[in-house]
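Trainee: Sharing final-v9.tsv below, TSV, C-alpha atoms:
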chain	number	residue	atom	x	y	z
Y	177	MET	CA	5.30	-41.56	-2.52
Y	178	ASP	CA	4.74	-38.65	-4.92
Y	179	ALA	CA	2.13	-36.00	-4.28
Y	180	ASN	CA	-1.08	-35.95	-6.22
Y	181	PRO	CA	-0.33	-34.29	-9.61
Y	182	GLN	CA	-2.76	-31.46	-8.92
Y	183	TYR	CA	-0.83	-30.65	-5.74
Y	184	GLY	CA	2.65	-30.82	-7.17
Y	185	PRO	CA	4.56	-27.51	-6.97
Y	186	ARG	CA	8.24	-28.29	-6.47
Y	187	THR	CA	10.09	-24.97	-6.58
Y	188	VAL	CA	9.80	-21.87	-4.40
Y	189	GLU	CA	8.26	-19.96	-7.30
Y	190	GLU	CA	5.69	-22.71	-7.95
Y	191	VAL	CA	4.74	-22.95	-4.27
Y	192	PHE	CA	4.38	-19.17	-4.11
Y	193	ARG	CA	2.20	-19.19	-7.23
Y	194	ASP	CA	0.04	-21.89	-5.62
Y	195	PHE	CA	-0.14	-19.77	-2.44
Y	196	LYS	CA	-1.24	-16.67	-4.36
Y	197	GLY	CA	-3.93	-18.59	-6.24
Y	198	ARG	CA	-5.40	-20.06	-3.06
Y	199	ARG	CA	-5.14	-16.71	-1.30
Y	200	ALA	CA	-6.99	-14.96	-4.14
Y	201	GLY	CA	-9.77	-17.55	-3.94
Y	202	LEU	CA	-10.17	-17.10	-0.19
Y	203	ILE	CA	-10.24	-13.32	-0.50
Y	204	LYS	CA	-12.89	-13.61	-3.19
Y	205	ALA	CA	-15.04	-15.82	-0.95
Y	206	LEU	CA	-14.78	-13.37	1.94
Y	207	THR	CA	-15.28	-10.17	-0.07
Y	208	SER	CA	-16.83	-10.09	-3.54
Y	209	ASP	CA	-18.54	-13.51	-3.19
Y	210	VAL	CA	-19.40	-13.10	0.48
Y	211	GLU	CA	-23.18	-13.51	0.06
Y	212	ARG	CA	-22.79	-16.81	-1.74
Y	213	PHE	CA	-20.19	-17.95	0.77
Y	214	TYR	CA	-22.45	-17.01	3.68
Y	215	GLN	CA	-25.36	-18.98	2.22
Y	216	GLN	CA	-23.24	-22.10	1.68
Y	217	CYS	CA	-22.17	-22.14	5.33
Y	218	ASP	CA	-25.48	-23.54	6.56
Y	219	PRO	CA	-25.25	-24.36	10.32
Y	220	ASP	CA	-27.64	-27.28	9.77
Y	221	LYS	CA	-25.11	-29.07	7.56
Y	222	GLU	CA	-22.16	-31.16	8.70
Y	223	ASN	CA	-18.73	-29.74	9.55
Y	224	LEU	CA	-17.70	-27.58	6.60
Y	225	CYS	CA	-14.38	-26.05	5.57
Y	226	LEU	CA	-13.46	-23.14	3.28
Y	227	TYR	CA	-10.90	-24.13	0.67
Y	228	GLY	CA	-8.90	-21.77	-1.52
Y	229	LEU	CA	-8.02	-23.36	-4.86
Y	230	PRO	CA	-4.87	-22.82	-6.94
Y	231	ASP	CA	-6.94	-21.40	-9.82
Y	232	GLU	CA	-8.10	-18.46	-7.65
Y	233	GLN	CA	-11.47	-20.06	-6.93
Y	234	TRP	CA	-12.94	-21.28	-3.64
Y	235	GLU	CA	-15.29	-23.91	-2.35
Y	236	VAL	CA	-17.07	-24.82	0.87
Y	237	ASN	CA	-16.84	-28.53	1.39
Y	238	LEU	CA	-16.52	-31.39	3.85
Y	239	PRO	CA	-13.00	-32.24	5.05
Y	240	ALA	CA	-11.02	-35.04	3.42
Y	241	GLU	CA	-11.94	-38.52	4.62
Y	242	GLU	CA	-8.43	-39.96	4.61
Y	243	VAL	CA	-6.08	-39.44	7.57
Y	244	PRO	CA	-3.64	-37.87	7.14
Y	245	PRO	CA	-5.09	-35.88	4.25
Y	246	GLU	CA	-3.17	-35.03	1.10
Y	247	LEU	CA	-2.86	-31.43	2.29
Y	248	PRO	CA	-3.33	-29.72	5.67
Y	249	GLU	CA	-7.02	-29.09	6.34
Y	250	PRO	CA	-8.65	-25.66	6.89
Y	251	ALA	CA	-10.59	-24.83	10.06
Y	252	LEU	CA	-13.36	-27.39	10.56
Y	253	GLY	CA	-16.99	-26.47	11.20
Y	254	ILE	CA	-16.90	-22.78	10.31
Y	255	ASN	CA	-20.61	-23.03	9.47
Y	256	PHE	CA	-21.58	-23.81	13.08
Y	257	ALA	CA	-20.46	-20.38	14.31
Y	258	ARG	CA	-22.06	-18.44	11.47
Y	259	ASP	CA	-25.29	-17.45	13.25
Y	260	GLY	CA	-23.76	-17.12	16.71
Y	261	MET	CA	-21.58	-14.10	15.85
Y	262	GLN	CA	-21.81	-10.77	14.11
Y	263	GLU	CA	-21.21	-11.37	10.39
Y	264	LYS	CA	-18.18	-9.06	10.37
Y	265	ASP	CA	-16.60	-10.86	13.32
Y	266	TRP	CA	-17.33	-14.27	11.83
Y	267	LEU	CA	-15.75	-13.34	8.50
Y	268	SER	CA	-12.71	-11.93	10.28
Y	269	LEU	CA	-12.31	-15.16	12.26
Y	270	VAL	CA	-12.59	-17.29	9.12
Y	271	ALA	CA	-10.00	-15.01	7.49
Y	272	VAL	CA	-7.53	-15.53	10.35
Y	273	HIS	CA	-7.85	-19.30	10.12
Y	274	SER	CA	-7.57	-19.09	6.34
Y	275	ASP	CA	-4.22	-17.30	6.73
Y	276	ALA	CA	-3.01	-20.07	9.03
Y	277	TRP	CA	-4.11	-22.70	6.52
Y	278	LEU	CA	-2.37	-20.96	3.62
Y	279	LEU	CA	0.92	-20.95	5.51
Y	280	ALA	CA	0.45	-24.58	6.49
Y	281	VAL	CA	-0.09	-25.61	2.87
Y	282	ALA	CA	2.88	-23.61	1.59
Y	283	PHE	CA	5.30	-25.02	4.13
Y	284	TYR	CA	3.83	-28.50	3.73
Y	285	PHE	CA	5.08	-28.31	0.15
Y	286	GLY	CA	8.37	-26.90	1.40
Y	287	ALA	CA	8.85	-29.85	3.74
Y	288	ARG	CA	7.65	-32.43	1.26
Y	289	PHE	CA	9.98	-31.29	-1.48
Y	290	GLY	CA	12.99	-30.72	0.73
Y	291	PHE	CA	13.35	-26.94	0.74
Y	292	ASP	CA	16.53	-25.96	2.57
Y	293	LYS	CA	16.84	-23.05	5.00
Y	294	ALA	CA	17.50	-20.50	2.25
Y	295	ASP	CA	14.48	-21.65	0.20
Y	296	ARG	CA	12.19	-21.62	3.24
Y	297	LYS	CA	13.34	-18.13	4.13
Y	298	ARG	CA	12.86	-16.92	0.56
Y	299	LEU	CA	9.36	-18.43	0.45
Y	300	PHE	CA	8.45	-16.81	3.76
Y	301	ASN	CA	9.71	-13.41	2.60
Y	302	MET	CA	7.74	-13.66	-0.65
Y	303	ILE	CA	4.59	-14.56	1.30
Y	304	ASN	CA	5.21	-11.85	3.88
Y	305	ASP	CA	5.31	-9.16	1.19
Y	306	LEU	CA	1.58	-9.76	0.60
Y	307	PRO	CA	-1.15	-8.53	2.96
Y	308	THR	CA	-2.81	-11.34	4.88
Y	309	VAL	CA	-6.35	-12.43	4.05
Y	310	PHE	CA	-7.41	-10.98	7.42
Y	311	GLU	CA	-5.85	-7.60	6.58
Y	312	VAL	CA	-7.62	-7.50	3.22
Y	313	VAL	CA	-10.99	-8.59	4.63
Y	314	THR	CA	-10.92	-6.13	7.54
Y	315	GLY	CA	-9.50	-3.28	5.47
Y	316	SER	CA	-6.43	-2.93	7.67
Y	317	ALA	CA	-4.08	-3.64	4.74
Y	318	LYS	CA	-4.78	-0.23	3.19
Y	319	LYS	CA	-4.46	1.49	6.55
Y	320	GLN	CA	-1.11	-0.16	7.29
Y	321	SER	CA	0.16	0.70	3.82
Y	322	LYS	CA	-0.59	4.38	4.42
Y	323	GLU	CA	0.99	4.27	7.88
Y	324	LYS	CA	4.14	2.58	6.60
Y	325	SER	CA	4.46	5.15	3.84
Y	326	SER	CA	4.09	7.94	6.38
Y	327	VAL	CA	6.63	6.39	8.75
Y	328	SER	CA	9.07	5.83	5.91
Y	329	ASN	CA	8.86	9.45	4.80
Y	330	HIS	CA	9.20	10.70	8.35
Y	331	SER	CA	12.12	8.41	9.07
Y	332	SER	CA	14.01	9.40	5.91
Y	333	ASN	CA	13.83	13.05	6.90
Y	334	LYS	CA	14.46	12.58	10.61
Y	335	SER	CA	17.45	14.56	11.83
Y	336	LYS	CA	18.35	11.82	14.29
Y	337	THR	CA	19.34	9.62	11.34
Y	338	ASN	CA	23.07	9.00	11.42
Y	339	SER	CA	23.97	10.10	7.92
Y	340	THR	CA	27.12	8.89	6.25
Y	341	ARG	CA	26.92	11.41	3.43
Y	342	GLY	CA	30.28	12.29	1.96
Y	343	SER	CA	31.35	8.67	1.65
Y	344	ASP	CA	30.14	5.65	-0.29
Y	345	THR	CA	29.38	3.82	2.93
Y	346	GLN	CA	25.91	3.62	4.43
Y	347	GLY	CA	26.39	2.59	8.07
Y	348	LYS	CA	23.96	0.84	10.30
Y	349	TYR	CA	23.01	4.21	11.74
Y	350	SER	CA	21.48	5.41	8.47
Y	351	ARG	CA	18.07	4.39	9.81
Y	352	GLY	CA	15.29	4.87	7.28
Y	353	VAL	CA	17.58	6.41	4.63
Y	354	LEU	CA	18.07	4.17	1.62
Y	355	LYS	CA	20.71	4.81	-1.03
Y	356	ASP	CA	18.15	5.21	-3.77
Y	357	GLU	CA	16.34	7.83	-1.67
Y	358	GLU	CA	19.45	9.77	-0.78
Y	359	GLU	CA	19.64	12.01	-3.84
Y	360	ASP	CA	15.95	12.93	-3.60
Y	361	GLY	CA	16.24	13.84	0.09
Y	362	LEU	CA	19.65	15.56	-0.08
Y	363	ASP	CA	18.46	19.16	-0.01
Y	364	GLU	CA	15.82	18.46	2.63
Y	365	GLU	CA	18.24	16.66	4.94
Y	366	ASP	CA	20.87	19.35	4.56
Y	367	GLU	CA	18.28	21.82	5.79
Y	368	ASP	CA	17.50	19.54	8.75
Y	369	HIS	CA	21.17	19.43	9.74
Y	370	GLY	CA	21.98	23.03	8.78
Y	371	ASP	CA	21.74	24.38	12.35
Y	372	THR	CA	23.24	21.32	14.03
Y	373	LEU	CA	26.55	21.82	15.80
Y	374	CYS	CA	29.16	19.18	16.47
Y	375	GLY	CA	29.15	18.19	20.15
Y	376	ALA	CA	32.95	18.10	20.14
Y	377	CYS	CA	34.23	21.04	18.08
Y	378	GLY	CA	31.10	23.19	17.96
Y	379	GLU	CA	31.23	23.68	14.20
Y	380	ASN	CA	28.29	23.30	11.83
Y	381	TYR	CA	27.29	20.21	9.91
Y	382	GLY	CA	28.96	19.87	6.52
Y	383	ALA	CA	27.27	18.01	3.68
Y	384	ASP	CA	30.61	16.55	2.59
Y	385	GLU	CA	31.57	15.24	6.04
Y	386	PHE	CA	30.79	12.03	7.88
Y	387	TRP	CA	28.38	12.78	10.74
Y	388	ILE	CA	27.23	10.49	13.56
Y	389	CYS	CA	24.74	10.77	16.40
Y	390	CYS	CA	25.13	9.47	19.96
Y	391	ASP	CA	22.33	7.05	20.82
Y	392	ILE	CA	22.46	8.13	24.49
Y	393	CYS	CA	22.54	11.94	24.51
Y	394	GLU	CA	21.45	12.33	20.86
Y	395	LYS	CA	24.16	14.89	20.13
Y	396	TRP	CA	25.77	14.96	16.69
Y	397	PHE	CA	29.51	14.69	16.08
Y	398	HIS	CA	31.88	14.93	13.14
Y	399	GLY	CA	33.32	11.46	12.66
Y	400	LYS	CA	36.85	12.87	12.71
Y	401	CYS	CA	36.21	14.58	16.06
Y	402	VAL	CA	35.28	11.32	17.79
Y	403	LYS	CA	37.63	9.17	15.70
Y	404	ILE	CA	34.82	7.19	14.05
Y	405	THR	CA	35.16	6.34	10.37
Y	406	PRO	CA	32.28	5.29	8.08
Y	407	ALA	CA	33.78	1.79	7.90
Y	408	ARG	CA	33.88	1.51	11.67
Y	409	ALA	CA	30.34	2.85	12.00
Y	410	GLU	CA	29.13	-0.10	9.94
Y	411	HIS	CA	29.95	-2.39	12.86
Y	412	ILE	CA	28.60	-0.26	15.74
Y	413	LYS	CA	25.19	-1.37	16.97
Y	414	GLN	CA	24.80	1.50	19.45
Y	415	TYR	CA	27.11	4.49	19.37
Y	416	LYS	CA	28.00	6.25	22.63
Y	417	CYS	CA	30.02	9.45	22.46
Y	418	PRO	CA	33.13	9.81	24.65
Y	419	SER	CA	31.21	11.82	27.26
Y	420	CYS	CA	28.43	9.23	27.62
Y	421	SER	CA	30.97	6.39	27.65
Y	422	ASN	CA	32.82	8.01	30.56
Y	423	LYS	CA	29.57	8.51	32.49
Y	424	ARG	CA	28.65	4.85	32.10
Y	425	ALA	CA	32.09	3.80	33.27
Y	426	ARG	CA	31.77	5.54	36.64
Y	427	PRO	CA	30.63	3.41	39.62
Represent the structure contained in this file as structure tokens.
Mentor:
Amino acid sequence: MDANPQYGPRTVEEVFRDFKGRRAGLIKALTSDVERFYQQCDPDKENLCLYGLPDEQWEVNLPAEEVPPELPEPALGINFARDGMQEKDWLSLVAVHSDAWLLAVAFYFGARFGFDKADRKRLFNMINDLPTVFEVVTGSAKKQSKEKSSVSNHSSNKSKTNSTRGSDTQGKYSRGVLKDEEEDGLDEEDEDHGDTLCGACGENYGADEFWICCDICEKWFHGKCVKITPARAEHIKQYKCPSCSNKRARP
């Protein structure tokens, strides 16, 4: 049985476009149109649901009569709790349930149209790149964006980062340092490492040398001093220098 034509996205891109349209409608109801939304959620009416529509609009309506419905249903009876909570808390709760509904609809399409593991993962990643309705409604999306930016900048300049400068390889220890950021942060990182001495030979850090940090004692070593190459570093989840390895081996 084919889906209703108005609910017929069949590719990851189409499902994501449908998701974004519904999400935009829900955000509109809970932010710019909040007064109208609040008025429509009359506690004296029957069980009502908030629907986000693919055309970026919204509506408050009764649930579908047929079981199972064409699409997953939003939270039922949101109007009953309207006057029993602070408006801010009520809107936040509706937003959380709206997020759950959006995911349910998107992956309903994924299941119905046979998305494989790769398509489901791609859809999830595309959805996850957007702030949730709850984050937008509560204002936490902007706060998290600022915090992530701050963490990213701090991480890219952190001296603990195991840099693989001097080779074309970026190992797993290059935490927070992306290749496209490397040129911009070169001078700053060189200054960070300028006073660092190798834990094996005692010589200074060189910008043209492979350099690795022990995850246990946090000392830095020239790769050649501890016989670690950039290629080998790619496959090390947690590096322990010879000294820390010997300590762990003792009974």
Trainee: Would you kindly return, as a short mmCIF file (atom, residue, chain, number, x, y, z; two decimals) with C-alpha atoms, keeping the file's coordinate frame, each protein, DNA or RNA residue with an atom no farther than 10 Å from any atom of Arg296 in chain Y, considering only C-alpha atoms and excluding same-chain residues fewer than 3 positions away?
Mentor:
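Saved file selection-v8.cif follows:
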data_model
loop_
_atom_site.label_atom_id
_atom_site.label_comp_id
_atom_site.auth_asym_id
_atom_site.auth_seq_id
_atom_site.Cartn_x
_atom_site.Cartn_y
_atom_site.Cartn_z
CA VAL Y 188 9.80 -21.87 -4.40
CA ALA Y 282 2.88 -23.61 1.59
CA PHE Y 283 5.30 -25.02 4.13
CA GLY Y 286 8.37 -26.90 1.40
CA ALA Y 287 8.85 -29.85 3.74
CA GLY Y 290 12.99 -30.72 0.73
CA PHE Y 291 13.35 -26.94 0.74
CA ASP Y 292 16.53 -25.96 2.57
CA LYS Y 293 16.84 -23.05 5.00
CA LEU Y 299 9.36 -18.43 0.45
CA PHE Y 300 8.45 -16.81 3.76
CA ASN Y 301 9.71 -13.41 2.60
CA MET Y 302 7.74 -13.66 -0.65
#
Trainee: Between CA of Cys217 in chain Y and CA of Ser268 in chain Y, what is the distance in Å, rounded to a tenth?
Mentor: 14.8 Å
Trainee: Could you state the separation of CA of Glu379 in chain Y and CA of His411 in chain Y in Å, given to one decimal place?
Mentor: 26.1 Å
Trainee: Env of Gly253 in chain Y: 6 Å cut, atoms = all atoms listed in the file, seq-sep filter 2 positions within chain, self excluded. Answer as a list in words.
Mentor: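 Once the nearby chain positions are removed, what remains is Asn223, Leu224, Asn255 and Phe256 of chain Y.
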Trainee: With distances taken over all atoms listed in the file, which residue among Y:Cys390, Y:Val243, Y:Ala294, Y:Ile303 lies nearest Lys196 in chain Y?
Mentor: Y:Ile303
Trainee: Would you compute the distance between CA of Lys400 in chain Y and CA of Ser419 in chain Y? Give it in Å to one decimal.
Mentor: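 Separating CA of Lys400 in chain Y from CA of Ser419 in chain Y is a distance of 15.6 Å.
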Trainee: I'd like the neighbourhood of Thr314 in chain Y as an MDAnalysis selection string, where a residue qualifies if any of its atoms comes within 12 Å (using only C-alpha atoms), though same-chain residues fewer than 6 positions away should be ignored.
Mentor: chainID Y and resid 203 206:207 263:272 307:308 320
Trainee: Restricting the output to C-alpha atoms, write the selected residues as a PDB file, in the frame of the given file.
Mentor:
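Output file out_31.pdb follows:
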ATOM      1  CA  ILE Y 203     -10.240 -13.320  -0.500  1.00  0.00           C
ATOM      2  CA  LEU Y 206     -14.780 -13.370   1.940  1.00  0.00           C
ATOM      3  CA  THR Y 207     -15.280 -10.170  -0.070  1.00  0.00           C
ATOM      4  CA  GLU Y 263     -21.210 -11.370  10.390  1.00  0.00           C
ATOM      5  CA  LYS Y 264     -18.180  -9.060  10.370  1.00  0.00           C
ATOM      6  CA  ASP Y 265     -16.600 -10.860  13.320  1.00  0.00           C
ATOM      7  CA  TRP Y 266     -17.330 -14.270  11.830  1.00  0.00           C
ATOM      8  CA  LEU Y 267     -15.750 -13.340   8.500  1.00  0.00           C
ATOM      9  CA  SER Y 268     -12.710 -11.930  10.280  1.00  0.00           C
ATOM     10  CA  LEU Y 269     -12.310 -15.160  12.260  1.00  0.00           C
ATOM     11  CA  VAL Y 270     -12.590 -17.290   9.120  1.00  0.00           C
ATOM     12  CA  ALA Y 271     -10.000 -15.010   7.490  1.00  0.00           C
ATOM     13  CA  VAL Y 272      -7.530 -15.530  10.350  1.00  0.00           C
ATOM     14  CA  PRO Y 307      -1.150  -8.530   2.960  1.00  0.00           C
ATOM     15  CA  THR Y 308      -2.810 -11.340   4.880  1.00  0.00           C
ATOM     16  CA  GLN Y 320      -1.110  -0.160   7.290  1.00  0.00           C
TER      17      GLN Y 320
END
Trainee: Quick one: residues within 7 Å of Cys225 in chain Y, all atoms listed in the file counted, chain neighbours fewer than 6 positions away excluded, as number ranges by chain?
Mentor: Y: 236-239, 250-254
Trainee: So which one's closest to Gly228 in chain Y, Y:Cys401, Y:Leu202, Y:Ala240, Y:Cys377? Using all atoms listed in the file, please.
Mentor: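 Residue with the minimum atom-to-atom distance to Gly228 in chain Y: Y:Leu202.
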Trainee: Enumerate, as a count of residues only, the protein, DNA and RNA residues whose atoms approach (-3.8, -11.0, 7.6) to within 10 Å, taking into account all atoms listed in the file and the coordinate frame of the file.
Mentor: 20
Trainee: Within 10 Å of Gln233 in chain Y, counting only C-alpha atoms, which residues show up once you throw out same-chain ones fewer than 4 positions away? Write them as a list in words, please.
Mentor: Gly197, Arg198, Arg199, Ala200, Gly201, Leu202, Ile203, Lys204, Ala205, Tyr227, Gly228 and Leu229 of chain Y
Trainee: Write out, as a PDB file, keeping the file's coordinate frame, the residues just selected, with C-alpha atoms.
Mentor:
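The resulting file, out_5.pdb, is shown below:
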ATOM      1  CA  GLY Y 197      -3.930 -18.590  -6.240  1.00  0.00           C
ATOM      2  CA  ARG Y 198      -5.400 -20.060  -3.060  1.00  0.00           C
ATOM      3  CA  ARG Y 199      -5.140 -16.710  -1.300  1.00  0.00           C
ATOM      4  CA  ALA Y 200      -6.990 -14.960  -4.140  1.00  0.00           C
ATOM      5  CA  GLY Y 201      -9.770 -17.550  -3.940  1.00  0.00           C
ATOM      6  CA  LEU Y 202     -10.170 -17.100  -0.190  1.00  0.00           C
ATOM      7  CA  ILE Y 203     -10.240 -13.320  -0.500  1.00  0.00           C
ATOM      8  CA  LYS Y 204     -12.890 -13.610  -3.190  1.00  0.00           C
ATOM      9  CA  ALA Y 205     -15.040 -15.820  -0.950  1.00  0.00           C
ATOM     10  CA  TYR Y 227     -10.900 -24.130   0.670  1.00  0.00           C
ATOM     11  CA  GLY Y 228      -8.900 -21.770  -1.520  1.00  0.00           C
ATOM     12  CA  LEU Y 229      -8.020 -23.360  -4.860  1.00  0.00           C
TER      13      LEU Y 229
END
Trainee: Which is closer to Asp209 in chain Y than all the others in Y:Arg298, Y:His398, Y:Glu235, Y:Glu190, using all atoms listed in the file?
Mentor: Y:Glu235
Trainee: Save range 260-290 of chain Y from what I just supplied, as a PDB file, in the first residue's frame, atoms limited to C-alpha atoms.
Mentor:
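Contents of out05.pdb, as written:
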ATOM      1  CA  GLY Y 260      -1.773  23.730  35.294  1.00  0.00           C
ATOM      2  CA  MET Y 261       1.830  24.791  34.587  1.00  0.00           C
ATOM      3  CA  GLN Y 262       3.882  27.916  34.139  1.00  0.00           C
ATOM      4  CA  GLU Y 263       3.604  28.966  30.486  1.00  0.00           C
ATOM      5  CA  LYS Y 264       7.363  28.674  29.966  1.00  0.00           C
ATOM      6  CA  ASP Y 265       7.434  25.142  31.394  1.00  0.00           C
ATOM      7  CA  TRP Y 266       4.399  24.099  29.375  1.00  0.00           C
ATOM      8  CA  LEU Y 267       5.909  25.368  26.126  1.00  0.00           C
ATOM      9  CA  SER Y 268       9.184  23.609  26.911  1.00  0.00           C
ATOM     10  CA  LEU Y 269       7.346  20.341  27.531  1.00  0.00           C
ATOM     11  CA  VAL Y 270       5.401  20.652  24.276  1.00  0.00           C
ATOM     12  CA  ALA Y 271       8.707  21.370  22.512  1.00  0.00           C
ATOM     13  CA  VAL Y 272      10.301  18.184  23.890  1.00  0.00           C
ATOM     14  CA  HIS Y 273       7.393  16.058  22.710  1.00  0.00           C
ATOM     15  CA  SER Y 274       7.456  17.845  19.360  1.00  0.00           C
ATOM     16  CA  ASP Y 275      11.104  16.830  18.926  1.00  0.00           C
ATOM     17  CA  ALA Y 276      10.186  13.218  19.648  1.00  0.00           C
ATOM     18  CA  TRP Y 277       7.359  13.387  17.114  1.00  0.00           C
ATOM     19  CA  LEU Y 278       9.592  14.877  14.415  1.00  0.00           C
ATOM     20  CA  LEU Y 279      12.064  12.016  14.784  1.00  0.00           C
ATOM     21  CA  ALA Y 280       9.247   9.481  14.755  1.00  0.00           C
ATOM     22  CA  VAL Y 281       7.860  10.881  11.499  1.00  0.00           C
ATOM     23  CA  ALA Y 282      11.273  11.029   9.815  1.00  0.00           C
ATOM     24  CA  PHE Y 283      12.170   7.460  10.682  1.00  0.00           C
ATOM     25  CA  TYR Y 284       8.647   6.279   9.877  1.00  0.00           C
ATOM     26  CA  PHE Y 285       9.397   7.389   6.322  1.00  0.00           C
ATOM     27  CA  GLY Y 286      12.802   5.737   6.548  1.00  0.00           C
ATOM     28  CA  ALA Y 287      11.239   2.428   7.527  1.00  0.00           C
ATOM     29  CA  ARG Y 288       8.383   2.673   5.080  1.00  0.00           C
ATOM     30  CA  PHE Y 289      10.616   3.344   2.110  1.00  0.00           C
ATOM     31  CA  GLY Y 290      13.312   0.859   3.037  1.00  0.00           C
TER      32      GLY Y 290
END
